[in-house]
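Below: structure-v3.txt (compact mmCIF, C-alpha atoms)
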```
# COMPACT_ATOMS: atom_id res chain seq x y z
CA MET A 1 105.09 38.82 -17.78
CA SER A 2 104.61 36.76 -20.91
CA GLU A 3 101.37 36.55 -22.85
CA ALA A 4 102.51 33.54 -24.85
CA GLN A 5 100.41 30.36 -25.04
CA PRO A 6 100.65 28.59 -21.71
CA VAL A 7 102.61 25.36 -21.54
CA VAL A 8 100.41 22.26 -21.83
CA LYS A 9 99.98 20.69 -18.39
CA CYS A 10 98.05 17.61 -19.53
CA LEU A 11 97.83 15.87 -22.91
CA ILE A 12 94.83 13.59 -23.43
CA TRP A 13 95.40 10.73 -25.88
CA ASP A 14 92.93 8.85 -28.03
CA LEU A 15 94.00 5.18 -28.30
CA ASP A 16 92.83 3.57 -31.59
CA ASN A 17 94.90 4.79 -34.55
CA THR A 18 96.44 7.50 -32.37
CA LEU A 19 98.47 6.10 -29.47
CA TRP A 20 98.57 2.68 -31.09
CA LYS A 21 98.26 1.53 -34.68
CA GLY A 22 94.95 -0.12 -35.54
CA THR A 23 91.67 -0.62 -33.72
CA LEU A 24 91.69 -2.84 -30.65
CA VAL A 25 88.18 -4.30 -31.21
CA GLU A 26 88.82 -5.11 -34.88
CA ASP A 27 92.51 -5.96 -34.96
CA GLY A 28 92.76 -7.75 -31.64
CA SER A 29 96.39 -6.97 -31.08
CA VAL A 30 97.66 -3.43 -31.55
CA GLU A 31 101.20 -2.06 -31.35
CA VAL A 32 102.71 1.28 -30.42
CA ASP A 33 105.29 2.92 -32.68
CA ASP A 34 108.66 3.48 -31.06
CA ALA A 35 108.42 7.16 -31.99
CA VAL A 36 105.11 7.50 -30.16
CA ARG A 37 106.37 5.59 -27.14
CA LYS A 38 109.30 7.98 -26.99
CA VAL A 39 106.89 10.91 -26.95
CA VAL A 40 104.94 9.46 -23.98
CA VAL A 41 108.09 8.76 -21.98
CA GLU A 42 109.70 12.12 -22.76
CA LEU A 43 106.57 14.19 -22.03
CA ASP A 44 106.35 12.38 -18.70
CA ALA A 45 109.97 13.27 -17.96
CA ARG A 46 109.23 16.89 -18.82
CA GLY A 47 106.46 16.93 -16.24
CA VAL A 48 103.55 17.03 -18.72
CA LEU A 49 100.76 14.82 -17.37
CA GLN A 50 99.05 12.46 -19.79
CA SER A 51 95.59 10.94 -19.80
CA VAL A 52 93.41 8.87 -22.11
CA SER A 53 90.02 9.42 -23.71
CA SER A 54 89.06 6.43 -25.82
CA ARG A 55 85.95 4.64 -27.08
CA ASN A 56 86.70 1.09 -26.06
CA ASP A 57 85.87 -1.48 -23.46
CA HIS A 58 87.73 -0.15 -20.41
CA ASP A 59 89.13 -3.42 -19.08
CA GLU A 60 90.34 -4.65 -22.47
CA ALA A 61 92.00 -1.38 -23.43
CA TRP A 62 93.62 -0.92 -20.03
CA ALA A 63 94.94 -4.50 -20.08
CA ARG A 64 96.55 -3.78 -23.45
CA LEU A 65 98.14 -0.58 -22.11
CA GLU A 66 99.54 -2.61 -19.23
CA GLU A 67 100.97 -5.24 -21.60
CA LEU A 68 102.57 -2.47 -23.60
CA GLY A 69 104.16 -1.12 -20.41
CA LEU A 70 102.47 2.25 -20.87
CA ALA A 71 99.58 2.14 -18.41
CA GLU A 72 101.56 3.72 -15.57
CA TYR A 73 102.12 6.88 -17.64
CA PHE A 74 98.44 7.80 -17.75
CA VAL A 75 96.43 9.44 -14.99
CA LEU A 76 92.61 9.50 -14.82
CA PRO A 77 92.01 7.38 -17.95
CA HIS A 78 88.53 7.79 -19.48
CA ILE A 79 87.82 4.69 -21.52
CA GLY A 80 84.14 4.18 -22.33
CA TRP A 81 81.40 5.36 -24.63
CA GLY A 82 80.57 8.91 -23.54
CA PRO A 83 81.38 12.07 -25.52
CA LYS A 84 85.06 13.00 -25.47
CA SER A 85 84.31 16.62 -24.56
CA GLU A 86 82.88 15.23 -21.33
CA SER A 87 86.05 13.19 -20.61
CA VAL A 88 88.19 16.26 -21.28
CA ARG A 89 86.08 18.41 -18.94
CA SER A 90 86.16 15.79 -16.22
CA ILE A 91 89.93 15.27 -16.46
CA ALA A 92 90.61 19.03 -16.31
CA GLU A 93 88.28 19.37 -13.34
CA ARG A 94 89.84 16.51 -11.40
CA LEU A 95 93.32 17.90 -12.04
CA ASN A 96 92.10 21.38 -11.15
CA PHE A 97 93.68 22.67 -14.40
CA SER A 98 92.36 25.43 -16.64
CA LEU A 99 91.19 24.15 -20.05
CA LYS A 100 93.77 26.51 -21.55
CA THR A 101 96.45 24.10 -20.32
CA ILE A 102 94.84 20.95 -21.71
CA ALA A 103 95.71 19.37 -25.09
CA PHE A 104 93.89 16.60 -26.95
CA ILE A 105 95.19 14.31 -29.69
CA ASP A 106 92.92 12.13 -31.86
CA ASP A 107 93.02 10.77 -35.41
CA LEU A 108 89.32 11.53 -36.06
CA PRO A 109 88.44 15.08 -37.16
CA THR A 110 84.90 14.62 -35.79
CA GLU A 111 86.20 13.89 -32.29
CA ARG A 112 88.54 16.87 -32.39
CA ALA A 113 85.69 19.08 -33.63
CA GLU A 114 83.40 17.85 -30.84
CA VAL A 115 86.01 18.71 -28.19
CA GLU A 116 86.77 22.08 -29.84
CA TYR A 117 83.07 22.95 -30.03
CA HIS A 118 82.54 22.46 -26.28
CA HIS A 119 85.97 23.65 -25.15
CA PRO A 120 87.43 26.24 -27.55
CA ASP A 121 90.36 26.74 -25.15
CA VAL A 122 91.60 23.15 -25.50
CA ARG A 123 94.36 22.73 -28.09
CA THR A 124 93.78 19.75 -30.37
CA TYR A 125 96.21 17.83 -32.57
CA PRO A 126 95.71 15.23 -35.31
CA ALA A 127 97.30 11.81 -34.72
CA GLU A 128 99.92 12.28 -37.43
CA GLN A 129 101.39 15.09 -35.37
CA ALA A 130 102.14 12.76 -32.44
CA ASP A 131 105.83 12.27 -33.19
CA ALA A 132 106.32 16.02 -33.67
CA LEU A 133 104.88 17.08 -30.29
CA LEU A 134 108.25 17.05 -28.52
CA GLY A 135 109.48 19.81 -30.80
CA LEU A 136 106.55 22.16 -30.13
CA PRO A 137 107.07 25.06 -27.70
CA GLU A 138 103.84 24.34 -25.78
CA PHE A 139 105.22 20.91 -24.87
CA SER A 140 108.66 22.25 -23.96
CA PRO A 141 108.71 23.80 -20.48
CA ALA A 142 111.58 26.27 -20.14
CA VAL A 143 113.01 24.36 -17.20
CA VAL A 144 112.46 20.83 -15.99
CA THR A 145 112.70 20.63 -12.23
CA VAL A 146 112.95 17.75 -9.77
CA ASP A 147 109.26 18.25 -9.08
CA ALA A 148 108.43 18.07 -12.79
CA ARG A 149 110.13 14.72 -13.18
CA ARG A 150 108.10 13.21 -10.36
CA ARG A 151 104.91 15.17 -11.03
CA ARG A 152 102.92 12.16 -12.22
CA GLN A 153 103.80 10.17 -9.10
CA MET A 154 102.81 13.14 -6.94
CA TYR A 155 99.44 13.31 -8.68
CA GLN A 156 98.93 9.56 -8.39
CA ALA A 157 99.64 9.73 -4.64
CA GLY A 158 97.20 12.64 -4.57
CA PHE A 159 94.39 10.59 -6.11
CA GLU A 160 94.94 7.86 -3.56
CA ARG A 161 94.82 10.45 -0.80
CA ASP A 162 91.62 11.96 -2.27
CA GLN A 163 89.95 8.59 -2.34
CA GLN A 164 90.75 7.91 1.30
CA ARG A 165 89.51 11.39 2.11
CA GLU A 166 86.19 10.68 0.40
CA GLU A 167 85.80 7.39 2.21
CA TYR A 168 86.76 8.86 5.58
CA GLN A 169 83.90 8.63 8.05
CA GLY A 170 84.38 11.75 10.08
CA ALA A 171 85.13 15.43 10.01
CA ASP A 172 87.45 16.51 7.23
CA GLU A 173 89.79 18.20 9.69
CA ASP A 174 90.29 14.91 11.48
CA PHE A 175 91.22 13.32 8.18
CA LEU A 176 93.76 16.09 7.56
CA ARG A 177 95.22 15.46 11.03
CA SER A 178 95.58 11.77 10.15
CA LEU A 179 97.81 12.65 7.18
CA ASP A 180 100.80 13.86 9.27
CA LEU A 181 101.07 16.96 7.11
CA VAL A 182 104.29 18.92 7.46
CA MET A 183 104.81 22.33 5.89
CA ARG A 184 108.32 23.66 5.60
CA ILE A 185 108.91 27.34 4.96
CA GLY A 186 112.44 28.40 4.19
CA ARG A 187 114.51 31.06 2.49
CA ALA A 188 114.99 30.02 -1.12
CA ARG A 189 118.43 28.85 -2.01
CA ASP A 190 119.87 29.50 -5.41
CA GLU A 191 119.05 26.03 -6.74
CA GLU A 192 115.42 26.31 -5.67
CA ILE A 193 114.72 29.37 -7.73
CA THR A 194 113.85 27.43 -10.88
CA ARG A 195 111.20 25.50 -8.93
CA VAL A 196 109.80 28.76 -7.61
CA GLU A 197 109.71 30.28 -11.04
CA GLU A 198 107.96 27.24 -12.43
CA LEU A 199 105.41 27.38 -9.65
CA THR A 200 104.50 30.98 -10.38
CA LEU A 201 104.10 30.07 -14.06
CA ARG A 202 101.88 27.08 -13.37
CA THR A 203 99.75 28.58 -10.63
CA SER A 204 96.74 30.60 -11.66
CA GLN A 205 94.08 30.10 -8.99
CA MET A 206 96.16 30.96 -5.98
CA ASN A 207 98.35 33.67 -7.43
CA ALA A 208 97.64 37.02 -5.80
CA THR A 209 98.74 39.24 -8.65
CA GLY A 210 99.08 37.08 -11.75
CA VAL A 211 102.48 38.77 -12.12
CA HIS A 212 105.29 36.54 -13.24
CA TYR A 213 108.68 37.05 -11.63
CA SER A 214 111.46 35.73 -13.81
CA ASP A 215 114.30 33.55 -12.69
CA ALA A 216 116.64 36.53 -12.95
CA ASP A 217 114.31 38.86 -10.99
CA LEU A 218 114.04 36.38 -8.14
CA ARG A 219 117.74 35.55 -8.10
CA ALA A 220 118.59 39.24 -7.85
CA LEU A 221 116.33 39.51 -4.79
CA LEU A 222 117.99 36.59 -2.97
CA THR A 223 120.85 38.82 -1.93
CA ASP A 224 118.71 41.90 -1.31
CA GLU A 225 118.58 42.62 2.42
CA ASP A 226 115.10 44.08 2.28
CA HIS A 227 113.56 41.13 0.44
CA ASP A 228 112.80 37.58 1.49
CA VAL A 229 112.10 34.90 -1.10
CA LEU A 230 110.45 32.06 0.80
CA VAL A 231 109.81 28.60 -0.59
CA VAL A 232 107.14 26.36 0.87
CA SER A 233 107.19 22.60 0.55
CA MET A 234 104.86 20.01 2.00
CA SER A 235 104.82 16.30 2.68
CA ASP A 236 102.53 13.76 4.30
CA ARG A 237 102.37 10.04 4.85
CA PHE A 238 101.66 9.47 1.16
CA GLY A 239 104.91 11.14 0.18
CA PRO A 240 106.29 14.54 -0.76
CA HIS A 241 104.18 17.21 -2.42
CA GLY A 242 107.32 19.00 -3.54
CA ALA A 243 107.55 22.79 -3.69
CA VAL A 244 103.99 24.01 -3.27
CA GLY A 245 104.26 27.70 -2.55
CA VAL A 246 106.31 30.84 -2.85
CA MET A 247 106.25 34.20 -1.12
CA LEU A 248 108.16 37.32 -2.01
CA ILE A 249 108.21 39.78 0.86
CA GLU A 250 109.73 43.23 1.08
CA ARG A 251 110.40 44.26 4.65
CA THR A 252 110.24 47.84 5.86
CA PRO A 253 110.28 48.77 9.58
CA SER A 254 106.55 49.52 9.70
CA ALA A 255 105.18 46.97 7.25
CA TRP A 256 105.93 43.79 5.36
CA HIS A 257 104.86 43.96 1.78
CA ILE A 258 103.69 40.68 0.21
CA LYS A 259 104.66 41.15 -3.41
CA LEU A 260 103.97 37.61 -4.47
CA LEU A 261 102.08 34.75 -2.88
CA ALA A 262 101.30 31.68 -4.93
CA THR A 263 100.40 28.16 -3.86
CA SER A 264 99.94 25.07 -5.98
CA CYS A 265 96.40 23.92 -6.74
CA ARG A 266 97.44 20.50 -5.40
CA VAL A 267 97.49 21.73 -1.80
CA VAL A 268 94.59 24.15 -1.83
CA SER A 269 92.30 21.62 -0.16
CA PHE A 270 94.72 21.28 2.78
CA GLY A 271 94.30 24.95 3.55
CA ALA A 272 97.93 25.62 2.64
CA GLY A 273 97.26 29.22 1.60
CA ALA A 274 95.41 30.01 4.81
CA VAL A 275 98.15 28.42 6.94
CA LEU A 276 100.84 30.41 5.14
CA LEU A 277 98.97 33.66 5.66
CA ARG A 278 98.51 32.87 9.34
CA TRP A 279 102.18 32.05 9.80
CA LEU A 280 103.18 35.28 8.09
CA THR A 281 100.66 37.24 10.18
CA ASP A 282 102.14 35.76 13.33
CA ALA A 283 105.71 36.51 12.24
CA ALA A 284 104.78 40.10 11.33
CA ALA A 285 102.99 40.54 14.66
CA ARG A 286 106.11 39.41 16.53
CA ALA A 287 108.15 41.92 14.54
CA GLY A 288 105.61 44.66 15.21
CA ALA A 289 104.97 45.17 11.49
CA HIS A 290 101.72 45.54 9.54
CA LEU A 291 101.10 43.42 6.46
CA VAL A 292 100.39 44.87 3.05
CA ALA A 293 99.45 42.65 0.11
CA ASP A 294 99.19 43.41 -3.58
CA PHE A 295 96.12 41.93 -5.13
CA ARG A 296 95.20 42.04 -8.78
CA ARG A 297 92.05 40.25 -9.86
CA THR A 298 92.50 37.67 -12.61
CA GLU A 299 89.93 35.32 -14.12
CA ARG A 300 90.95 32.50 -11.84
CA ASN A 301 92.26 33.87 -8.56
CA ARG A 302 89.13 34.77 -6.61
CA MET A 303 90.08 32.03 -4.15
CA MET A 304 93.14 34.08 -3.28
CA GLU A 305 91.01 37.14 -2.61
CA VAL A 306 88.76 35.08 -0.34
CA ALA A 307 91.86 33.74 1.46
CA TYR A 308 93.18 37.27 2.09
CA ARG A 309 89.79 38.61 3.15
CA PHE A 310 89.12 35.67 5.44
CA ALA A 311 92.56 36.18 6.98
CA GLY A 312 91.36 39.68 7.92
CA PHE A 313 92.89 41.82 5.16
CA THR A 314 90.85 44.90 4.19
CA THR A 315 91.19 47.94 1.95
CA ALA A 316 91.21 50.25 5.00
CA GLU A 317 93.58 53.22 4.96
CA CYS A 318 96.72 53.10 7.08
CA ALA A 319 99.74 55.37 7.38
CA CYS A 320 102.02 52.43 6.56
CA LEU A 321 100.61 52.29 3.02
CA ALA A 322 102.26 55.59 2.10
CA ALA A 323 105.54 53.74 1.58
CA PHE A 324 104.10 51.58 -1.21
CA SER A 325 102.90 52.39 -4.67
CA PRO A 326 101.18 49.39 -6.18
CA PRO A 327 101.24 49.02 -9.96
CA GLU A 328 98.25 50.17 -12.00
CA GLY A 329 95.20 47.93 -11.51
CA THR A 330 96.53 46.39 -8.30
CA GLU A 331 94.78 46.82 -4.95
CA CYS A 332 96.63 47.17 -1.67
CA LEU A 333 95.11 45.00 1.03
CA HIS A 334 96.12 45.75 4.59
CA LEU A 335 96.20 43.92 7.92
CA GLU A 336 97.25 45.01 11.39
CA ALA A 337 98.94 41.77 12.32
CA VAL A 338 98.17 40.14 15.67
CA ARG A 339 99.62 36.92 17.10
CA GLN A 340 98.13 33.71 15.67
CA ASP A 341 97.95 30.15 16.97
CA ALA A 342 99.67 27.44 14.99
CA PRO A 343 97.22 25.27 13.02
CA THR A 344 96.00 21.99 14.44
CA THR A 345 95.96 20.27 11.04
CA MET A 346 99.68 20.34 10.24
CA ARG A 347 103.16 20.90 11.63
CA VAL A 348 104.79 24.06 10.36
CA VAL A 349 108.57 24.33 10.36
CA ALA A 350 109.89 27.77 9.58
CA PRO A 351 112.83 30.07 10.26
CA ASP A 352 112.44 31.54 13.71
CA PRO A 353 113.11 35.29 13.50
CA GLN A 354 113.90 35.40 17.26
CA HIS A 355 116.71 32.90 16.85
CA ALA A 356 118.71 34.10 13.86
CA GLY A 357 116.40 32.40 11.42
CA GLN A 358 117.10 28.89 12.70
CA GLU A 359 114.47 26.35 11.74
CA ALA A 360 111.91 25.72 14.44
CA ASP A 361 108.38 24.42 14.85
CA TRP A 362 105.78 27.16 14.82
CA LYS A 363 104.02 26.89 18.16
CA MET B 364 62.51 45.75 1.38
CA THR B 365 59.69 46.85 -0.89
CA ASP B 366 59.43 43.79 -3.04
CA SER B 367 58.19 40.91 -0.90
CA THR B 368 58.87 38.31 -3.63
CA THR B 369 62.61 38.71 -3.02
CA GLN B 370 62.16 37.86 0.64
CA LEU B 371 63.20 34.48 1.87
CA PRO B 372 62.32 33.47 5.42
CA VAL B 373 65.37 33.20 7.67
CA ALA B 374 64.41 29.62 8.52
CA VAL B 375 64.60 28.62 4.84
CA ILE B 376 67.98 30.27 4.38
CA GLU B 377 69.38 28.66 7.51
CA LYS B 378 68.04 25.26 6.48
CA GLN B 379 69.72 25.46 3.07
CA ILE B 380 73.02 26.58 4.57
CA GLY B 381 72.76 23.81 7.17
CA GLU B 382 72.23 21.19 4.47
CA PHE B 383 75.25 22.43 2.53
CA LEU B 384 77.43 22.29 5.65
CA LEU B 385 76.21 18.83 6.53
CA ALA B 386 77.13 17.58 3.06
CA LYS B 387 80.54 19.23 3.21
CA THR B 388 81.59 18.56 6.78
CA LYS B 389 79.46 15.52 7.68
CA MET B 390 78.41 17.42 10.79
CA THR B 391 75.28 19.22 11.93
CA TRP B 392 75.88 22.85 12.83
CA GLU B 393 73.71 24.73 15.33
CA PRO B 394 72.96 28.26 14.08
CA GLU B 395 75.27 30.00 16.54
CA VAL B 396 78.23 27.63 16.46
CA ASP B 397 81.51 29.05 15.12
CA LEU B 398 82.54 27.08 12.02
CA PHE B 399 86.12 28.23 12.20
CA ALA B 400 86.80 27.98 15.94
CA SER B 401 88.43 24.58 15.75
CA GLY B 402 91.31 25.46 13.49
CA VAL B 403 92.29 26.79 10.14
CA VAL B 404 89.60 26.79 7.52
CA SER B 405 90.95 25.79 4.14
CA SER B 406 90.87 28.38 1.40
CA LEU B 407 88.95 25.86 -0.62
CA PHE B 408 86.22 25.54 2.00
CA ALA B 409 86.05 29.32 2.38
CA MET B 410 85.76 29.62 -1.38
CA GLU B 411 83.08 26.93 -1.52
CA LEU B 412 81.09 28.72 1.17
CA VAL B 413 81.25 32.02 -0.70
CA VAL B 414 80.32 30.42 -4.02
CA PHE B 415 77.50 28.45 -2.38
CA VAL B 416 76.00 31.56 -0.78
CA GLU B 417 76.29 33.56 -4.00
CA SER B 418 74.83 30.94 -6.31
CA THR B 419 72.12 29.63 -4.00
CA PHE B 420 70.74 32.98 -2.95
CA GLY B 421 71.56 35.06 -6.02
CA VAL B 422 73.77 37.60 -4.26
CA ALA B 423 77.27 38.94 -4.82
CA VAL B 424 79.55 39.07 -1.79
CA GLU B 425 82.23 41.66 -2.44
CA GLY B 426 84.62 44.09 -0.80
CA ALA B 427 84.11 44.59 2.92
CA ASP B 428 81.35 41.96 3.01
CA LEU B 429 83.90 39.34 2.06
CA ALA B 430 85.03 38.84 5.65
CA ILE B 431 85.27 35.79 7.84
CA ASP B 432 82.93 37.37 10.38
CA ASN B 433 80.11 37.24 7.83
CA PHE B 434 80.57 33.47 7.42
CA ARG B 435 81.39 32.44 10.96
CA THR B 436 78.02 30.88 11.85
CA VAL B 437 74.89 29.76 10.03
CA ARG B 438 73.06 32.70 11.64
CA VAL B 439 75.44 35.44 10.50
CA MET B 440 75.54 33.95 6.98
CA SER B 441 71.77 34.05 6.81
CA ALA B 442 71.82 37.66 8.08
CA LEU B 443 74.28 38.53 5.30
CA VAL B 444 72.04 36.90 2.71
CA THR B 445 68.95 38.70 3.99
CA ARG B 446 70.77 42.03 3.96
CA LEU B 447 72.20 41.55 0.46
CA ARG B 448 68.86 40.39 -0.93
CA GLY B 449 67.14 43.31 0.75
CA GLY B 450 68.97 45.64 -1.61
CA GLY B 451 66.76 44.32 -4.43
CA ASP B 452 67.22 41.24 -6.55
CA GLY B 453 70.07 41.47 -9.01
CA ALA B 454 70.87 45.04 -7.98
```
structure tokens encoding of this file:
Amino acid sequence: MSEAQPVVKCLIWDLDNTLWKGTLVEDGSVEVDDAVRKVVVELDARGVLQSVSSRNDHDEAWARLEELGLAEYFVLPHIGWGPKSESVRSIAERLNFSLKTIAFIDDLPTERAEVEYHHPDVRTYPAEQADALLGLPEFSPAVVTVDARRRRQMYQAGFERDQQREEYQGADEDFLRSLDLVMRIGRARDEEITRVEELTLRTSQMNATGVHYSDADLRALLTDEDHDVLVVSMSDRFGPHGAVGVMLIERTPSAWHIKLLATSCRVVSFGAGAVLLRWLTDAAARAGAHLVADFRRTERNRMMEVAYRFAGFTTAECACLAAFSPPEGTECLHLEAVRQDAPTTMRVVAPDPQHAGQEADWK
Amino acid sequence: MTDSTTQLPVAVIEKQIGEFLLAKTKMTWEPEVDLFASGVVSSLFAMELVVFVESTFGVAVEGADLAIDNFRTVRVMSALVTRLRGGGDGA
């Protein structure tokens, strides 16, 4: 587990004298340095999201960004006259990101100070540092996965989906059914391990232990007969969500031990965590095994605790727990698994243990 | 329940929970209707329910109380709130 500064997940740009040279209102036409443009494009390719917080007329500034061919790179732009700390808070909230993973760049020391005052966790940078950002470790994820390269598009599809969800006149579950959600659960292949590792690094709210399993740890377990490394991906009619979850399970004859369960914050509102737990409960019930889950409270994972508890896990004693010794500070939650119905909100395709692990619809 | 100022009538609790559910689900829920019968409840909705109950009624729902059976209907949620508040405010 590393205690280093987390990688920046979203960089929020000021526009005047930061992203572009000059002030739009005063200079009329403003240009973007090639070096800065390169930073925007490269951060996007690395999977770092980018947004805007600028004091300008929204329509004028956005039109200029479009002319410059840069508008598409920015999600959730905040162009207006409110305090920047408020834009930063709102962007982080919409993205469902911790402020510790947000960065802010602005030429004005007063703006940076205002953001720092309200959000001490946000990392701020002066404009002259723009062309040096690519060399900083916090902007250099250890691996860049397929999902990272298309992360912005996945978020943009997500915002469109959210908007339709808000406008939907009916029960939320009916909206979910209208999405044609498909969840695929499968044993991780070698090439998927980097995506899994990235997911456990990026996921804080829905990570049951906060423990980070390294690429090497997970790879070693791929060939271990007693362990299953499962990757979860989802898609719907708006497009793929990419890899959205990972489970590491150690199987013993009497119990399956969930050593790691993490799902992406992007799919929390689809009930992905609850569906996964139900699928696993059903699979364990068929195998006649109990479920045991490690849970270690972190600042941000109470949602995971609620998911386990609502799935029926308790701290009750059971003979099957004798086989496990959880690390210091970790609770062992336990469930006597019983058969579960497949969800009505999505199709779940998973290896069928009764048929040599062949893919089948969970029914 | 020695301190009557911590008491909230069941009707008030149920009304507040009902209003929250209406806003969230766009549906009216009779007190005894199972919220989760129709399918899988999202972790987010479960979390929102727990946070709503805790912040609205000033209680902490922890350990064994954090169970789906305590949130299944408006009535059982209100019973949970009454029981947790009965232990004394902020205790």
Taking all atoms listed in the file into account, find every residue of chain A that has an atom no more than 12 Å from chain B, and write it out as a PyMOL selection string. chain A and resi 96+165-177+205-206+263+265-279+301-316+331+333+340-346
Please write the residues from the selection above to a file, keeping C-alpha atoms, as a CSV table (one decimal), keeping the file's coordinate frame.
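New file result-v8.csv:
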```csv
chain,number,residue,atom,x,y,z
A,96,ASN,CA,92.1,21.4,-11.2
A,165,ARG,CA,89.5,11.4,2.1
A,166,GLU,CA,86.2,10.7,0.4
A,167,GLU,CA,85.8,7.4,2.2
A,168,TYR,CA,86.8,8.9,5.6
A,169,GLN,CA,83.9,8.6,8.0
A,170,GLY,CA,84.4,11.8,10.1
A,171,ALA,CA,85.1,15.4,10.0
A,172,ASP,CA,87.4,16.5,7.2
A,173,GLU,CA,89.8,18.2,9.7
A,174,ASP,CA,90.3,14.9,11.5
A,175,PHE,CA,91.2,13.3,8.2
A,176,LEU,CA,93.8,16.1,7.6
A,177,ARG,CA,95.2,15.5,11.0
A,205,GLN,CA,94.1,30.1,-9.0
A,206,MET,CA,96.2,31.0,-6.0
A,263,THR,CA,100.4,28.2,-3.9
A,265,CYS,CA,96.4,23.9,-6.7
A,266,ARG,CA,97.4,20.5,-5.4
A,267,VAL,CA,97.5,21.7,-1.8
A,268,VAL,CA,94.6,24.2,-1.8
A,269,SER,CA,92.3,21.6,-0.2
A,270,PHE,CA,94.7,21.3,2.8
A,271,GLY,CA,94.3,25.0,3.6
A,272,ALA,CA,97.9,25.6,2.6
A,273,GLY,CA,97.3,29.2,1.6
A,274,ALA,CA,95.4,30.0,4.8
A,275,VAL,CA,98.2,28.4,6.9
A,276,LEU,CA,100.8,30.4,5.1
A,277,LEU,CA,99.0,33.7,5.7
A,278,ARG,CA,98.5,32.9,9.3
A,279,TRP,CA,102.2,32.0,9.8
A,301,ASN,CA,92.3,33.9,-8.6
A,302,ARG,CA,89.1,34.8,-6.6
A,303,MET,CA,90.1,32.0,-4.2
A,304,MET,CA,93.1,34.1,-3.3
A,305,GLU,CA,91.0,37.1,-2.6
A,306,VAL,CA,88.8,35.1,-0.3
A,307,ALA,CA,91.9,33.7,1.5
A,308,TYR,CA,93.2,37.3,2.1
A,309,ARG,CA,89.8,38.6,3.2
A,310,PHE,CA,89.1,35.7,5.4
A,311,ALA,CA,92.6,36.2,7.0
A,312,GLY,CA,91.4,39.7,7.9
A,313,PHE,CA,92.9,41.8,5.2
A,314,THR,CA,90.8,44.9,4.2
A,315,THR,CA,91.2,47.9,2.0
A,316,ALA,CA,91.2,50.2,5.0
A,331,GLU,CA,94.8,46.8,-5.0
A,333,LEU,CA,95.1,45.0,1.0
A,340,GLN,CA,98.1,33.7,15.7
A,341,ASP,CA,98.0,30.2,17.0
A,342,ALA,CA,99.7,27.4,15.0
A,343,PRO,CA,97.2,25.3,13.0
A,344,THR,CA,96.0,22.0,14.4
A,345,THR,CA,96.0,20.3,11.0
A,346,MET,CA,99.7,20.3,10.2
```
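In this model, the gap between atom CA of Pro240 of chain A and atom CA of Asp180 of chain A comes to 11.5 Å.
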What separation in Å, quoted to one decimal, exists between atom CA of Arg46 of chain A and atom CA of Val75 of chain A?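 Value for the atom CA of Arg46 of chain A-atom CA of Val75 of chain A distance: 15.3 Å.
Coordinates place atom CA of Phe399 of chain B at a distance of 13.0 Å from atom CA of Val439 of chain B.
Take the candidates A:Val182, A:Val41, A:Ala350, A:Leu201 and check each one against Arg237 of chain A using only C-alpha atoms; the shortest distance goes to A:Val182.
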Tell me which protein, DNA and RNA residues are within 12 Å of Ile193 of chain A, counting all atoms listed in the file, leaving out same-chain ones fewer than 5 positions away, and put them as a PyMOL selection string. chain A and resi 143+145-146+187-188+198-200+213-222+229-232+243+245-248
Residue with smallest distance to Gly381 of chain B - pool B:Val437, B:Ala423, B:Leu412, B:Leu398, counting all atoms listed in the file: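 Looking at the shortest contact to Gly381 of chain B, the residue is B:Val437.
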Could you list, as a PyMOL selection string, every residue within 7 Å of segment 5-10 of chain A, counting only C-alpha atoms and ignoring same-chain residues fewer than 5 positions away? chain A and resi 48-50+101-103+138-139+141
Could you name the residues that touch segment 443-447 of chain B at 9 Å or less, counting all atoms listed in the file, but leaving out those on the same chain fewer than 6 positions away, as a list of chain:residue names?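 So the residues in contact are B:Gln370, B:Leu371, B:Pro372, B:Val373, B:Ile376, B:Val416, B:Glu417, B:Phe420, B:Gly421, B:Val422, B:Ala423, B:Val424, B:Asp428, B:Asn433, B:Phe434.
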At a cut-off of 12 Å, using all atoms listed in the file, what residues contact Leu19 of chain A? Leave out same-chain residues fewer than 5 positions from it and give the result as a ChimeraX atom specification. /A:11-14,24,30-40,50-54,61,64-65,68,70-71,74,104-107,126-131
